[in-house]
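Engineer: I am attaching a structure below and will ask some questions about it afterwards.
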There are 2 protein chains.
Amino acid sequence: MTSAAYVAVDWGTSSLRLWLIDRAGLVLGERRSEEGMMTAAKTGFAPVLQSHLDALGAAADLPVVICGMAGARQGWVEAGYIDTPAHLSDILDRAVVVGGQARDIRILPGIAQRDATAPDVMRGEETQLLGALGLDAAGEAIVCMPGTHSKWVRVRSGTVERFATFMTGELFSAVARDTILSHTVNGAEEAADEAAFKSAVADAIAAPAFAANLLFRVRSRQLLFGGSAAAARETISGTLVGLELAAGLVERSPETMVTLIASGRLQRLYQLALETLSIPLRCVDAEEAVRRGLSEAAAAIWKS
Amino acid sequence: MTSAAYVAVDWGTSSLRLWLIDRAGLVLGERRSEEGMMTAAKTGFAPVLQSHLDALGAAADLPVVICGMAGARQGWVEAGYIDTPAHLSDILDRAVVVGGQARDIRILPGIAQRDATAPDVMRGEETQLLGALGLDAAGEAIVCMPGTHSKWVRVRSGTVERFATFMTGELFSAVARDTILSHTVNGAEEAADEAAFKSAVADAIAAPAFAANLLFRVRSRQLLFGGSAAAARETISGTLVGLELAAGLVERSPETMVTLIASGRLQRLYQLALETLSIPLRCVDAEEAVRRGLSEAAAAIWKS
């Protein structure tokens, strides 16, 4: 453990991931925990962090760089927002020091779009952007970061120009769990119905205004024609992903590829949806992106 | 009570309304109850009905006509569906007799759209349509029936040609109660914010694909600019109503007025939304529509 240079922490609302990293960016140790901001706000951020550092045998003076909800108003120390248009390097310059700690701990700020007609905020995703695009990114990138609150971001020459958050993941959960459609998806196995998903994506993109009708058809279809719970679930998912894509892709010029920052099931779903639409695509693993972003920050802050 | 000719019952999922009506269509007595299909399916439909008839002193041989979820598969007796294109008079012809009862009890069927690409069902709304338009309706009508599951229906010369259900009301409840937006609407008073509602309707109609983003902006706006819980609630409501209107109005020819069948708060909201769009409008009270529809059915079935 003598070679560890810093600790990187992605501290979200409901979970945290922590890596011990050496000067070359190599991961020496890793921790995952459900002690997200919601939990740590009650039990204390400092002891939660220290317990994971102890578990990895981290030196007492090892510096720590953090992104995510730990920097929210209801988090550890408010790290504020930098405003659009925001160069990704601004994130590093505006890192906030957590006072009163034995070691050097910095929290990265989020990004705010203070546009009265299209206000928006991100916290954590800016670090993923930094990791996926790098500090010296040239040209235009359209970035899709699917999740509970999916983000679509336009970045030009390393500057976040504009972004929009879509409640897609949270809408999916609410619709599948708390509406009449919960009966239709009951007992759906993890096995996906790709055909149902792709067809729902296409339907939503063709007629986004019909989203609330496309959702109800899931029930009508099962009532009149039968059909599996898996098909119902994938149709709900495809409808909401398609609705998001219909908006997210609207400003993309035909030659611009979409950078998809995602992992696991979400990566597979969005990749499938974008491929169905023949959109050129570059995939970046979300976890790797945030770790690389934190490493960029650490390198810049501590000139390592 | 000697002049009562029949009993009309609107038996929905979560409530029932019952009227004692004379030969001229005059209401002699009324009952309202939370013993909807969900409750009655457990306690028994016959005793629930009899208790309300007893409370009104109805004669033992007074016939009863029922519409709504009492005719669903999980209801009292399944009254099935008539298929589109369905003339409103078909509803009367296909009423189902509840067997083994001392009195003559009929349940009206629903309407099904057995279209594999746009399947849909209604149960109860067909009776509202009958009451609002009459058996001898001429010309084309575009009918909007807002609610938990809003219906948009195209009727030509008394024939239901096509309809679509939108989960607008249920989405509103799920979004306002079960997502991050629940914090933004917390403590919203009943006082409406008309400006916020109208502006949200216009935004959703202008860019329906952005619905899931327009919803998230409610939170971003409150975070960055503040704003009342009432404004947040009306913005969520306006976004979802606007999304529905963007689809519901799509097939309307400019000269066709919209028949709005609604009551109370929903009537006010949809009227406001449609007026904002300068759509010519005819309002029919939803409760009166269903009672008139049931009366039309009673008159036809018992030739009174």
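Each chain in the structure tokens gets a letter, A, B and so on, in the order shown; residues start at 1 in every chain, and ligands are counted from 1 in the order they appear.
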Would you please extract all alpha helix (DSSP H) residues from range 46-260 of chain A, as assigned by DSSP on the backbone, and give them as a PyMOL selection string?
Structural biologist: chain A and resi 46-55+88-93+125-133+168-178+182-185+194-206+211-225+229-248
Engineer: Please dump the current selection as a compact mmCIF listing (two decimals), in the first residue's frame; keep C-alpha atoms.
Structural biologist:
```
# COMPACT_ATOMS: atom_id res chain seq x y z
CA ALA A 46 -16.16 11.45 8.13
CA PRO A 47 -16.57 8.15 10.03
CA VAL A 48 -18.05 6.41 6.96
CA LEU A 49 -15.08 7.50 4.84
CA GLN A 50 -12.55 6.60 7.54
CA SER A 51 -14.02 3.11 7.98
CA HIS A 52 -13.48 2.35 4.30
CA LEU A 53 -9.97 3.85 4.34
CA ASP A 54 -9.11 1.73 7.40
CA ALA A 55 -10.43 -1.38 5.65
CA LEU A 88 -14.51 20.64 -17.67
CA SER A 89 -11.30 22.08 -16.19
CA ASP A 90 -13.45 24.46 -14.11
CA ILE A 91 -14.52 21.44 -12.06
CA LEU A 92 -10.96 20.94 -10.84
CA ASP A 93 -10.38 24.62 -10.15
CA GLU A 125 -22.07 13.29 -14.01
CA GLU A 126 -19.63 16.19 -14.62
CA THR A 127 -16.86 13.92 -13.33
CA GLN A 128 -18.00 11.11 -15.65
CA LEU A 129 -17.85 13.60 -18.53
CA LEU A 130 -14.34 14.60 -17.53
CA GLY A 131 -13.28 10.95 -17.42
CA ALA A 132 -14.96 10.01 -20.69
CA LEU A 133 -13.89 13.03 -22.75
CA THR A 168 -36.70 8.16 -17.25
CA GLY A 169 -35.45 5.66 -14.69
CA GLU A 170 -37.57 7.05 -11.91
CA LEU A 171 -40.65 7.17 -14.16
CA PHE A 172 -40.06 3.52 -15.06
CA SER A 173 -39.96 2.52 -11.39
CA ALA A 174 -43.03 4.59 -10.50
CA VAL A 175 -45.06 3.32 -13.47
CA ALA A 176 -44.09 -0.34 -13.06
CA ARG A 177 -44.57 -0.29 -9.28
CA ASP A 178 -47.25 2.26 -8.43
CA SER A 182 -47.84 -3.11 -11.89
CA HIS A 183 -50.29 -6.00 -12.52
CA THR A 184 -49.05 -6.45 -16.07
CA VAL A 185 -45.38 -6.73 -15.10
CA GLU A 194 -35.68 -7.45 -27.00
CA ALA A 195 -38.35 -7.39 -29.71
CA ALA A 196 -40.90 -5.76 -27.39
CA PHE A 197 -38.32 -3.23 -26.21
CA LYS A 198 -37.20 -2.25 -29.71
CA SER A 199 -40.74 -1.99 -31.00
CA ALA A 200 -41.71 0.24 -28.04
CA VAL A 201 -38.69 2.49 -28.63
CA ALA A 202 -39.71 2.92 -32.27
CA ASP A 203 -43.35 3.65 -31.37
CA ALA A 204 -42.39 6.30 -28.81
CA ILE A 205 -39.99 8.01 -31.19
CA ALA A 206 -42.63 8.01 -33.94
CA ALA A 211 -46.41 8.32 -24.41
CA ALA A 212 -49.18 8.10 -21.77
CA ASN A 213 -51.32 6.17 -24.26
CA LEU A 214 -48.49 3.84 -25.31
CA LEU A 215 -48.12 2.99 -21.63
CA PHE A 216 -51.82 2.23 -21.16
CA ARG A 217 -51.77 0.01 -24.26
CA VAL A 218 -49.53 -2.34 -22.27
CA ARG A 219 -52.54 -3.14 -20.14
CA SER A 220 -55.09 -3.14 -22.97
CA ARG A 221 -52.88 -5.47 -25.01
CA GLN A 222 -52.57 -7.95 -22.16
CA LEU A 223 -56.32 -7.77 -21.51
CA LEU A 224 -57.34 -8.29 -25.16
CA PHE A 225 -54.50 -10.36 -26.57
CA ALA A 229 -45.06 -9.97 -18.03
CA ALA A 230 -41.55 -9.66 -19.52
CA ALA A 231 -42.96 -8.19 -22.75
CA ALA A 232 -45.05 -5.76 -20.71
CA ARG A 233 -42.04 -4.64 -18.68
CA GLU A 234 -39.84 -4.19 -21.75
CA THR A 235 -42.61 -2.24 -23.49
CA ILE A 236 -42.85 0.18 -20.56
CA SER A 237 -39.06 0.48 -20.54
CA GLY A 238 -38.85 0.94 -24.33
CA THR A 239 -41.61 3.56 -24.32
CA LEU A 240 -39.83 5.69 -21.72
CA VAL A 241 -36.37 5.23 -23.27
CA GLY A 242 -37.81 6.04 -26.71
CA LEU A 243 -39.48 9.17 -25.35
CA GLU A 244 -36.13 10.26 -23.91
CA LEU A 245 -34.25 9.54 -27.14
CA ALA A 246 -36.82 11.47 -29.19
CA ALA A 247 -35.83 14.55 -27.20
CA GLY A 248 -32.17 13.78 -26.54
```
Engineer: Write out as a count of residues only which residues come within 6 Å of range 77-86 of chain B when counting only C-alpha atoms, dropping same-chain ones fewer than 4 positions away.
Structural biologist: 12
Engineer: Kindly indicate which residue among B:Asn186, B:Thr179, B:Ser14, B:Thr256 lies nearest to chain A, using only C-alpha atoms for the distances.
Structural biologist: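 With only C-alpha atoms as the atom set, the closest residue is B:Thr179.
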Engineer: Choose the residue, out of B:Glu251, B:Phe210, B:Arg291, B:Ala300, that has the smallest atom-to-atom separation from Glu30 in chain B; count only C-alpha atoms.
Structural biologist: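 With only C-alpha atoms as the atom set, the closest residue is B:Arg291.
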Engineer: Run DSSP on the backbone and tell me which residues of range 109-232 of chain B come out as strand (DSSP E); list them as a list of chain:residue names.
Structural biologist: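 Secondary structure check on range 109-232 of chain B, strand (DSSP E): B:Gly110, B:Ile111, B:Ala112, B:Gln113, B:Asp120, B:Val121, B:Met122, B:Glu140, B:Ala141, B:Ile142, B:Val143, B:Cys144, B:Met145, B:Ser150, B:Lys151, B:Trp152, B:Val153, B:Arg154, B:Val155, B:Arg156, B:Thr159, B:Val160, B:Glu161, B:Arg162, B:Phe163, B:Ala164, B:Thr165, B:Phe166.
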Engineer: Residues near Arg103 in chain B, anyone? I mean within 9 Å using only C-alpha atoms, not counting same-chain ones fewer than 4 positions away, as a list in words.
Structural biologist: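 Near neighbours after the sequence-gap exclusion: Ala60, Asp61, Leu62, Pro63 and Val64 of chain B.
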Engineer: Between CA of Leu181 in chain B and CA of Asp120 in chain A, what distance in Å does the model show, to one decimal?
Structural biologist: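 So the two atoms, CA of Leu181 in chain B and CA of Asp120 in chain A, lie 13.9 Å apart.
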Engineer: Kindly indicate which residue among A:Pro208, A:Gly36, A:Gly29, A:Gly134 lies nearest to Ala70 in chain A, using only C-alpha atoms for the distances.
Structural biologist: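 Among the listed residues, A:Gly36 lies closest to Ala70 in chain A.
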Engineer: Which is closest to chain B among A:Leu108, A:Ala207, A:Ala298, A:Cys283, if we use only C-alpha atoms?
Structural biologist: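 Comparing A:Leu108, A:Ala207, A:Ala298, A:Cys283 against chain B, the winner is A:Ala207.
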Engineer: Quick check, in Å to one decimal: how far apart do CA of Arg154 in chain B and CA of Ser295 in chain B lie?
Structural biologist: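 Here the two named atoms are 22.7 Å from each other.
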Engineer: Would you compute the distance between CA of Arg292 in chain B and CA of Asp136 in chain B? Give it in Å to one decimal.
Structural biologist: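 So the two atoms, CA of Arg292 in chain B and CA of Asp136 in chain B, lie 13.8 Å apart.
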Engineer: Extract, using only C-alpha atoms, all DNA, RNA and protein residues at most 8 Å from Glu287 in chain A, discarding same-chain residues fewer than 2 positions from it, and format them as a list in words.
Structural biologist: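 Near Glu287 in chain A, the qualifying residues are Ala262, Ser263, Asp285, Ala289, Val290 and Arg291 of chain A.
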Engineer: Would you write out those residues with C-alpha atoms, as a CSV table (one decimal), in the first residue's frame?
Structural biologist:
```csv
chain,number,residue,atom,x,y,z
A,262,ALA,CA,-23.4,3.6,-18.9
A,263,SER,CA,-22.9,0.1,-17.3
A,285,ASP,CA,-18.2,2.3,-19.0
A,289,ALA,CA,-15.5,7.1,-16.5
A,290,VAL,CA,-16.0,8.4,-13.0
A,291,ARG,CA,-12.8,6.9,-11.8
```
Engineer: Looking at A:Lys303, A:Lys151, A:Arg282, A:Arg23, which one is nearest to chain B, with distances taken over only C-alpha atoms?
Structural biologist: A:Lys151
